[in-house]
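Each remark here refers to the structure printed beneath this line.
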Amino acid sequence: MNNAVPPPGSAPAATILVLGDSLSAEYGIPRGKGWVALLTEKLQAERPDVRVVNASISGDTTAGGRSRLPAMLDQLRPVQVVIELGGNDALRGLDLNSTQNNLEAMIQACRAVNARVVLVGMQIPPNYGPDYGNKFSAMFTNLAKKHQTGLVPFFLKGIADAPDAANQFQPDRIHPRETAHPRMLSNVWPEIKKNL
């Protein structure tokens with residue numbers, strides 16, 4: 001976990017917890033260049049009273065996030081939790097109901113400590129079939145509506161659906177290059193700002 005150190009004499013009044021997978025854990029790019037690090041820089045300039053804790057783990061699933069979250073909520077008492085999980089569930093073809101239940105449990109756990117939630121939605125490659133893909137992306141929208149959370153409908157908008165999409169990704173075609181991370185932040189920032 002990288003904790004942004006507040007300037008001397010000012011204790012952070014608020015913590016944003018980012019609970020994500022490799023897309024938030026700087027997989028395959030230099031440390032400090034991912035969208036969460038860029039968010040930390042942005043907040044240090046605009047809102048030095050807010051710190052960001054990145055608790056993202058490459059390969060994490062919603063089940064992993066669900067099991068790790070209660071201790072972090074207890075320890076950090078965040079004002080906002082950005083949940084960027086679900087992509088690995090889909091890549092492993094896990095049951096959508098269990099993914100949805102895990103996301104719902106995380107939202108409810110955050111609510112119980114008065115933390116606002118931003119749900120970061122994903123879309124999956126078409127080779128999983130249109131039915132699974134449509135249900136997967138709709139799941140985020142439905143949960144956000146039901147629980148009135150913030151929602152980023154598609155985290156990789158402007159990257160995965162860009163005309164030059166192939167150039168935006170590392171050779172594995174799953175993880176965005178460093179140059180795509182500012183766009184990822186701009187996709188998430190409006191929801192984070194709204195919830196601050």
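Letters A, B, ... mark the chains of the structure tokens in the order given; residue numbers begin at 1 per chain; ligand numbers begin at 1, in order shown.
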
Identify, with DSSP run on backbone atoms, the residues in stretch 5-187 of chain A assigned to alpha helix (DSSP H), and express the list as a ChimeraX atom specification.
/A:35-46,62-76,87-91,96-112,130-147,165-168,181-187

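The shell of residues at most 10 Å from stretch 165-172 of chain A, with only C-alpha atoms counted and near chain neighbours (fewer than 5 positions) removed, consists of Tyr27, Gly28, Ile29, Gly158, Ile159, Ala160, Arg177, Glu178, Thr179, Ala180 and His181 of chain A.
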
Quick one: of A:Ile192, A:Met139, A:Ile174, A:Val117, who's nearest to A:Val81, counting only C-alpha atoms?
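Selected residue with least distance to A:Val81: A:Val117.
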
Tell me which protein, DNA and RNA residues are within 12 Å of A:Arg183, counting only C-alpha atoms, leaving out same-chain ones fewer than 6 positions away, and put them as a ChimeraX atom specification.
/A:34-36,38-39,154-160,162,168,176-177,189

Could you write out the selected residues, including C-alpha atoms, as a short mmCIF file (atom, residue, chain, number, x, y, z; two decimals), in the first residue's frame?
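Wrote part.cif, looks like this:
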data_model
loop_
_atom_site.label_atom_id
_atom_site.label_comp_id
_atom_site.auth_asym_id
_atom_site.auth_seq_id
_atom_site.Cartn_x
_atom_site.Cartn_y
_atom_site.Cartn_z
CA GLY A 34 -0.57 4.49 -12.83
CA TRP A 35 -3.91 6.27 -12.59
CA VAL A 36 -4.03 5.97 -8.77
CA LEU A 38 -1.84 10.38 -10.84
CA LEU A 39 -4.94 10.77 -8.67
CA PHE A 154 -16.59 1.78 -18.63
CA PHE A 155 -13.17 2.25 -17.05
CA LEU A 156 -11.29 1.87 -20.37
CA LYS A 157 -13.51 4.21 -22.41
CA GLY A 158 -11.41 6.04 -24.97
CA ILE A 159 -8.75 3.33 -24.66
CA ALA A 160 -10.22 -0.09 -25.46
CA ALA A 162 -10.31 3.92 -29.47
CA GLN A 168 -2.98 1.63 -26.07
CA PRO A 176 -3.11 -0.50 -20.73
CA ARG A 177 0.26 1.14 -21.37
CA TRP A 189 -12.11 11.62 -11.65
#

A:Thr15, A:Ser24, A:Gln148, A:Gln75: which is nearest A:Val50, counting only C-alpha atoms?
A:Thr15

To test your reading of the structure, identify every residue in chain A that backbone DSSP assigns to strand (DSSP E or B), and report it as a ChimeraX atom specification.
/A:3,14-20,50-54,80-84,116-120,150-152,169,176

Among listed residues A:Cys110, A:Ala37, A:Ile57, A:Ala90, nearest A:Ala71 (using only C-alpha atoms)
A:Cys110

Using only C-alpha atoms, which protein or nucleic acid residues come within 10 Å of A:Gly121? Drop anything in the same chain fewer than 6 positions from it, and give the result as a list in words.
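That gives Ile83, Glu84, Leu85, Gly86, Gly87, Phe136, Ser137, Ala138, Met139, Phe140, Thr141, Ala144, Leu151, Val152, Pro153, Phe154, Phe155 and Leu156 of chain A.
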
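Between A:Ser58 and the residues A:Val118, A:Lys146, A:His175, A:Ala109, the shortest atom-to-atom distance, using only C-alpha atoms, involves A:His175.
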
For A:Val113, find every residue with an atom within 10 Å (counting only C-alpha atoms), except residues of its own chain fewer than 2 positions away, and show them as a PDB file with N, CA and C atoms, in the first residue's frame.
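Saved file selection.pdb follows:
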ATOM      1  N   PRO A  70     -13.201  -5.532   4.909  1.00  0.00           N
ATOM      2  CA  PRO A  70     -13.603  -5.152   6.275  1.00  0.00           C
ATOM      3  C   PRO A  70     -12.448  -4.644   7.143  1.00  0.00           C
ATOM      4  N   LEU A  73     -11.507  -1.111   6.005  1.00  0.00           N
ATOM      5  CA  LEU A  73     -12.504  -0.113   6.417  1.00  0.00           C
ATOM      6  C   LEU A  73     -12.305   0.225   7.890  1.00  0.00           C
ATOM      7  N   ASP A  74     -12.047  -0.797   8.661  1.00  0.00           N
ATOM      8  CA  ASP A  74     -11.853  -0.641  10.095  1.00  0.00           C
ATOM      9  C   ASP A  74     -10.614   0.199  10.396  1.00  0.00           C
ATOM     10  N   ARG A  77     -10.923   3.884   7.864  1.00  0.00           N
ATOM     11  CA  ARG A  77     -12.136   4.720   7.919  1.00  0.00           C
ATOM     12  C   ARG A  77     -12.214   5.676   6.721  1.00  0.00           C
ATOM     13  N   PRO A  78     -12.191   5.133   5.505  1.00  0.00           N
ATOM     14  CA  PRO A  78     -12.191   6.013   4.332  1.00  0.00           C
ATOM     15  C   PRO A  78     -13.526   6.750   4.179  1.00  0.00           C
ATOM     16  N   VAL A  79     -13.462   7.925   3.547  1.00  0.00           N
ATOM     17  CA  VAL A  79     -14.696   8.649   3.232  1.00  0.00           C
ATOM     18  C   VAL A  79     -15.254   8.155   1.897  1.00  0.00           C
ATOM     19  N   GLN A 108     -22.272  -2.612   0.631  1.00  0.00           N
ATOM     20  CA  GLN A 108     -22.963  -2.551   1.925  1.00  0.00           C
ATOM     21  C   GLN A 108     -21.987  -2.354   3.080  1.00  0.00           C
ATOM     22  N   ALA A 109     -20.815  -2.988   2.994  1.00  0.00           N
ATOM     23  CA  ALA A 109     -19.797  -2.818   4.042  1.00  0.00           C
ATOM     24  C   ALA A 109     -19.323  -1.364   4.089  1.00  0.00           C
ATOM     25  N   CYS A 110     -19.156  -0.754   2.920  1.00  0.00           N
ATOM     26  CA  CYS A 110     -18.743   0.657   2.852  1.00  0.00           C
ATOM     27  C   CYS A 110     -19.832   1.560   3.431  1.00  0.00           C
ATOM     28  N   ARG A 111     -21.066   1.270   3.045  1.00  0.00           N
ATOM     29  CA  ARG A 111     -22.200   2.047   3.556  1.00  0.00           C
ATOM     30  C   ARG A 111     -22.279   1.997   5.078  1.00  0.00           C
ATOM     31  N   ALA A 115     -18.973   5.331   4.175  1.00  0.00           N
ATOM     32  CA  ALA A 115     -18.052   5.636   3.067  1.00  0.00           C
ATOM     33  C   ALA A 115     -18.853   5.638   1.766  1.00  0.00           C
ATOM     34  N   ARG A 116     -18.630   6.658   0.967  1.00  0.00           N
ATOM     35  CA  ARG A 116     -19.273   6.687  -0.350  1.00  0.00           C
ATOM     36  C   ARG A 116     -18.547   5.712  -1.276  1.00  0.00           C
TER      37      ARG A 116
END

Restricting the calculation to only C-alpha atoms: of A:Leu119, A:Leu196, A:Leu94, A:Val188, which residue gets closest to A:Ile16?
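Going through A:Leu119, A:Leu196, A:Leu94, A:Val188 one by one, the smallest distance to A:Ile16 is for A:Leu196.
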